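What follows is a single structure, written as C-alpha cells, with notes after it.
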Amino acid sequence: MSDTILNVQQLHKEYVGEVNYKALKGIDFQLKRNEFVSVMGPSGSGKTTFLNCISTIDRPTNGSITINQKNPYELNDEDLAKFRRSELGFVFQDFNLVHTLTVEENILLPLTLDAVMAKEMTSRLAEVVAFLGIEDIMKKRTFEISGGQKQRVAIARAVIHQPSLLLADEPTGNLDSKAANSVMTLFQSIHETFQSSLLMVTHDPYVASFAERVIFMQDGMLYNEIQKGDHKQQFYQEIVDTLTFLGGGYHEL
Amino acid sequence: MSFNHIVIQNILRDKWTYISYFLSSVFSILVFFFFLITAFHPMMDAIDPNSALGIAMILCSMIVYIFSFIFIIYSMLAFLKKKTKSLGVFIISGASTKQVRKMVFRENMLIAFAAIITAIVVGLIVSPLFLMVVKNVLEADSFGMYVPVQAIAMTVILFSVLFFIVSKITTRFIKKEEAVQLLKADVTQEKINTSNAMEAPFIHLSECSFITTSQS
Ligand SMILES: Nc1ncnc2c1ncn2[C@@H]1O[C@H](COP(=O)(O)OP(=O)(O)OP(=O)(O)O)[C@@H](O)[C@H]1O
Ligand SMILES: [Mg+2]
C-alpha cells in the first residue's frame, strides 16, 4: 500500500460560460495517508474549485487525480457512486443535510444507499453518535437543531462509512468561535482515532492551525506551504504572517 | 432504514410541496371519471338510441386524458426542478443516478396511486349529485345512481398507465450532471420554480374549463 492517499497532478479547471475563467492553473499536490492538511488563500483563489475537483463533484478540465490509486473520473456512474460511498466523506459550510429526513436518517443515508444490513447500521450508528456526542438530537428534524449541531450531523454522515479521505470546505464558516472550536477538536480526534486523511479549506488561521500542514493558494496556483513544527502557537503565527504577506485583499471577503 | 422509507418520508414530510400537484392530479382524474360515469350509464341507450351522446362523452374524457398527459409532465418537471438541490445532496451521500431516478419514480407512483384512489372515492360520493344534474339537463325520467364498474376500471387502468409513462419520461430528465451544479441549483432557480409550482394548478383549471365550455 502506497503511503500517498491523494495524488493531484497538473490539475487545471476552466469554467466555460459567457466569459471563460481559468480557476486552477496547474496544481501538483500529494496528501499522505493519515495526514491532515489545511488549504488557505484569498477569496476567489480557487480553493473550493480545487476541493470540488478532488471530491468528484466537479470534473477537472485537465490533469489527473488519483485517490487510493484509483482515478474516479474514469469510473462509470454506478462505480463512481460506490467510490464516493467507500472512499470519500464531505463536509460543507452550509451542511447540505436532507430536510425531509431526521438527524438519524441523515447519518444513515450513505449506509442505506449501500444496502448495508440493519444490524451493522445500528452498531455503526451507535459508535459514530457516541463519538460525536449527539445522542439527544437523533430523532429531531434538521431545522430543529443549531448550526453547530448540524455540522456535527454532517460530519457523522461523512464518517459513518469510514472513508479513506475526508474533505471539508469551510466547515466552521457558519459557526461562532465556540462551535468552531468544538468542531475542530472533533476533526482532530476523528483524524487521530480513525486514522483518516483530511483536507480542509478554511479562512481562519486558528482553525487552520489544527492541521499538520497548511498550503496556500493564490490565483489558481499553489503559492507556499508551511509544516507544523513543535509549537502550535508558532505554527499559528507563521500562518498569520503568510496571510499578511499574501495580503492583496485577503480581508475583503 | 430502508430505501423505501426515504421515499415515503420525502413525501410525508414535504406535504406542502406535493399538495398542489396531488390536488390537480385528483381534479383531472375526477373530470375524466365523471364523463365516463355518464357515458356508461345504463339509461344512456334508452335516452339516446344511436348513442351519439355517449360517444361525445367518451370523446370528452379522452380529450381530458390527453391534456392530463401534457399537464402532468409539466408539473412533474417543475416539481423535479424544485427538488434539484436535494437530489444533489443524495448524490454526494453516495447515491448513483440510477438510485436517484428510482427514488423519484417511486415517489411519483405513490402520489399517483393516492391521487387515483382519492379521485375514485370522491367521484363515487359526489356522482349521485352529478347524475341528478345530468338528469335535469337531459330531461330524462330516470337517471339515478348505479355502480359504475366500467368507469372505475377504465379510470384506474388508463391513469395508472399515464402516470407510469410520465414518471418514466420525467426521470429520464435526471442526468448525470456534475453534482456541484445540482447543489448550487437552489441559488439560481428557487425564484422561478416557486412561481411555476403555484401556477400549475391554475393553468390546469383553465385548461379544463376550456374543454368543458367548448363542449357545451
Ligand atoms: N461555476 C462557476 N462559473 C464560473 N466561474 C466560477 C464558477 N465557480 C467559481 N468561479 C470562479 O473561479 C474562481 C475560484 O472560485 P472558488 O469558489 O474556487 O474560490 P474560493 O477560493 O473558494 O473563494 P472563497 O474563499 O470566497 O470561497 C473565482 O474567481 C470564481 O469567480
Ligand atoms: Mg470557497
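Chain labels run A, B, ... following the order of the C-alpha cells; each chain numbers its residues from 1, and ligands are numbered from 1 in the order shown.
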
Please identify every residue of chain A that has at least one atom no more than 7 Å from any atom of chain B, counting only C-alpha atoms, and report them as JSON, numbers by chain. {"A": [57, 58, 77, 78, 81, 82, 84, 85, 96, 97, 98, 100, 101, 109, 110, 112, 113]}

Would you mind writing down, as number ranges by chain, each residue of segment 132-229 of chain A that DSSP on the backbone assigns to helix (DSSP H, G or I)? A: 132, 135-137, 142-144, 147-159, 177-194, 205-208

Can you pull out the residues contacting segment 39-46 of chain A? Cut-off 7 Å, using only C-alpha atoms, and skip same-chain residues under 4 positions away; I want them as a list of chain:residue names.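 The neighbour list is A:Ala23, A:Leu24, A:Phe50, A:Met200, A:Val201, A:Thr202, A:His203, A:Val214, A:Ile215, A:Phe216, A:Met217, A:Gln218, A:Asp219, A:Gly220, A:Tyr250, A:Leu253.
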
Go ahead and write the residues just picked, all heavy atoms, as a CSV table (one decimal), in the first residue's frame.
chain,number,residue,atom,x,y,z
A,23,ALA,N,-9.8,28.8,-13.3
A,23,ALA,CA,-9.8,28.9,-11.8
A,23,ALA,C,-8.6,28.1,-11.3
A,23,ALA,O,-8.1,28.5,-10.2
A,23,ALA,CB,-11.1,28.3,-11.3
A,24,LEU,N,-8.2,27.1,-11.9
A,24,LEU,CA,-7.0,26.4,-11.5
A,24,LEU,C,-6.0,26.3,-12.6
A,24,LEU,O,-6.4,25.9,-13.7
A,24,LEU,CB,-7.4,24.9,-11.0
A,24,LEU,CG,-8.3,24.8,-9.8
A,24,LEU,CD1,-8.7,23.4,-9.5
A,24,LEU,CD2,-7.8,25.5,-8.6
A,50,PHE,N,-10.8,23.6,-6.3
A,50,PHE,CA,-9.8,22.6,-6.0
A,50,PHE,C,-10.4,21.4,-5.3
A,50,PHE,O,-10.3,20.2,-5.7
A,50,PHE,CB,-8.6,23.2,-5.2
A,50,PHE,CG,-7.5,22.3,-4.8
A,50,PHE,CD1,-6.8,21.5,-5.8
A,50,PHE,CD2,-7.1,22.2,-3.5
A,50,PHE,CE1,-5.8,20.6,-5.4
A,50,PHE,CE2,-6.1,21.3,-3.1
A,50,PHE,CZ,-5.4,20.5,-4.1
A,200,MET,N,-8.9,20.2,4.3
A,200,MET,CA,-9.9,21.2,4.7
A,200,MET,C,-9.6,22.6,4.3
A,200,MET,O,-8.4,23.0,4.4
A,200,MET,CB,-9.9,21.1,6.3
A,200,MET,CG,-10.8,22.2,6.9
A,200,MET,SD,-10.7,22.2,8.7
A,200,MET,CE,-9.1,23.0,8.8
A,201,VAL,N,-10.6,23.2,3.7
A,201,VAL,CA,-10.4,24.6,3.3
A,201,VAL,C,-10.9,25.5,4.4
A,201,VAL,O,-11.9,25.2,5.0
A,201,VAL,CB,-11.3,24.9,2.0
A,201,VAL,CG1,-11.3,26.4,1.7
A,201,VAL,CG2,-10.7,24.2,0.8
A,202,THR,N,-10.1,26.5,4.7
A,202,THR,CA,-10.6,27.5,5.8
A,202,THR,C,-10.0,28.9,5.6
A,202,THR,O,-9.0,29.0,4.9
A,202,THR,CB,-10.3,27.0,7.2
A,202,THR,OG1,-10.8,27.9,8.1
A,202,THR,CG2,-8.8,26.8,7.4
A,203,HIS,N,-10.7,29.8,6.1
A,203,HIS,CA,-10.2,31.2,6.1
A,203,HIS,C,-9.6,31.6,7.4
A,203,HIS,O,-9.0,32.7,7.6
A,203,HIS,CB,-11.4,32.2,5.8
A,203,HIS,CG,-11.7,32.4,4.4
A,203,HIS,ND1,-12.9,31.9,3.8
A,203,HIS,CD2,-11.0,32.9,3.4
A,203,HIS,CE1,-12.8,32.2,2.6
A,203,HIS,NE2,-11.7,32.8,2.3
A,214,VAL,N,-0.1,23.4,6.2
A,214,VAL,CA,-1.1,24.3,5.5
A,214,VAL,C,-0.5,24.7,4.2
A,214,VAL,O,0.7,25.0,4.0
A,214,VAL,CB,-1.2,25.7,6.3
A,214,VAL,CG1,-2.2,26.6,5.6
A,214,VAL,CG2,-1.7,25.4,7.7
A,215,ILE,N,-1.4,24.6,3.1
A,215,ILE,CA,-0.9,25.0,1.8
A,215,ILE,C,-1.7,26.3,1.5
A,215,ILE,O,-2.8,26.5,1.9
A,215,ILE,CB,-1.2,24.0,0.7
A,215,ILE,CG1,-2.6,23.6,0.6
A,215,ILE,CG2,-0.3,22.7,1.0
A,215,ILE,CD1,-2.9,22.6,-0.6
A,216,PHE,N,-1.0,27.2,0.7
A,216,PHE,CA,-1.6,28.5,0.4
A,216,PHE,C,-1.8,28.6,-1.1
A,216,PHE,O,-0.9,28.2,-1.9
A,216,PHE,CB,-0.7,29.6,0.8
A,216,PHE,CG,-0.6,29.7,2.3
A,216,PHE,CD1,0.4,29.0,3.0
A,216,PHE,CD2,-1.5,30.5,3.1
A,216,PHE,CE1,0.5,29.0,4.4
A,216,PHE,CE2,-1.4,30.5,4.5
A,216,PHE,CZ,-0.4,29.8,5.1
A,217,MET,N,-3.0,29.0,-1.5
A,217,MET,CA,-3.3,29.2,-2.9
A,217,MET,C,-3.4,30.6,-3.3
A,217,MET,O,-3.9,31.5,-2.5
A,217,MET,CB,-4.6,28.5,-3.3
A,217,MET,CG,-4.5,27.0,-3.3
A,217,MET,SD,-6.1,26.2,-3.8
A,217,MET,CE,-6.1,26.7,-5.5
A,218,GLN,N,-3.0,31.0,-4.5
A,218,GLN,CA,-3.3,32.3,-5.0
A,218,GLN,C,-3.5,32.2,-6.5
A,218,GLN,O,-2.7,31.6,-7.2
A,218,GLN,CB,-2.1,33.2,-4.7
A,218,GLN,CG,-2.5,34.7,-4.8
A,218,GLN,CD,-1.4,35.6,-4.4
A,218,GLN,OE1,-0.2,35.3,-4.5
A,218,GLN,NE2,-1.7,36.8,-3.9
A,219,ASP,N,-4.5,32.9,-7.0
A,219,ASP,CA,-4.8,32.9,-8.4
A,219,ASP,C,-4.7,31.5,-9.1
A,219,ASP,O,-4.1,31.3,-10.1
A,219,ASP,CB,-3.8,33.8,-9.2
A,219,ASP,CG,-4.0,35.2,-8.8
A,219,ASP,OD1,-5.1,35.6,-8.4
A,219,ASP,OD2,-3.0,36.0,-8.8
A,220,GLY,N,-5.3,30.5,-8.5
A,220,GLY,CA,-5.4,29.2,-9.1
A,220,GLY,C,-4.1,28.4,-9.0
A,220,GLY,O,-4.0,27.4,-9.7
A,250,TYR,N,-7.0,40.0,1.1
A,250,TYR,CA,-7.4,38.8,1.8
A,250,TYR,C,-8.6,39.1,2.7
A,250,TYR,O,-9.4,38.2,2.9
A,250,TYR,CB,-6.2,38.3,2.7
A,250,TYR,CG,-6.6,37.0,3.3
A,250,TYR,CD1,-6.6,35.8,2.6
A,250,TYR,CD2,-7.0,36.9,4.7
A,250,TYR,CE1,-7.0,34.6,3.2
A,250,TYR,CE2,-7.4,35.8,5.2
A,250,TYR,CZ,-7.4,34.6,4.5
A,250,TYR,OH,-7.8,33.4,5.0
A,253,LEU,N,-13.2,39.7,1.7
A,253,LEU,CA,-14.2,38.7,1.8
A,253,LEU,C,-15.7,39.1,1.9
A,253,LEU,O,-16.2,39.7,2.8
A,253,LEU,CB,-13.9,37.8,3.1
A,253,LEU,CG,-14.7,36.5,3.1
A,253,LEU,CD1,-14.3,35.6,2.0
A,253,LEU,CD2,-14.5,35.8,4.4

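We find atom CA of Met62 of chain B and atom CA of Ser24 of chain B to be spaced 17.3 Å apart.
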
Show me, as an MDAnalysis selection string, the residues that have an atom within 10 Å of Arg172 of chain B when counting only C-alpha atoms, minus same-chain residues fewer than 5 positions from it. chainID B and resid 98 101 105 166:167

Using the selection just defined, write its residues with N, CA, C and O atoms as a compact mmCIF listing (two decimals), in the first residue's frame.
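again_17.txt was written with the following content:
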# COMPACT_ATOMS: atom_id res chain seq x y z
N LYS B 98 -28.88 6.24 -11.05
CA LYS B 98 -29.93 5.23 -11.12
C LYS B 98 -30.76 5.20 -9.83
O LYS B 98 -31.99 5.13 -9.88
N ARG B 101 -33.01 8.24 -9.71
CA ARG B 101 -34.16 8.06 -10.60
C ARG B 101 -35.19 7.13 -9.98
O ARG B 101 -36.39 7.38 -10.04
N PHE B 105 -38.98 8.12 -9.14
CA PHE B 105 -40.02 7.32 -9.79
C PHE B 105 -40.99 6.78 -8.74
O PHE B 105 -42.21 6.87 -8.89
N VAL B 166 -45.46 8.80 -17.74
CA VAL B 166 -44.97 10.14 -17.43
C VAL B 166 -43.80 10.08 -16.43
O VAL B 166 -42.80 10.78 -16.59
N SER B 167 -43.90 9.23 -15.43
CA SER B 167 -42.81 9.12 -14.45
C SER B 167 -41.54 8.60 -15.12
O SER B 167 -40.44 9.07 -14.83
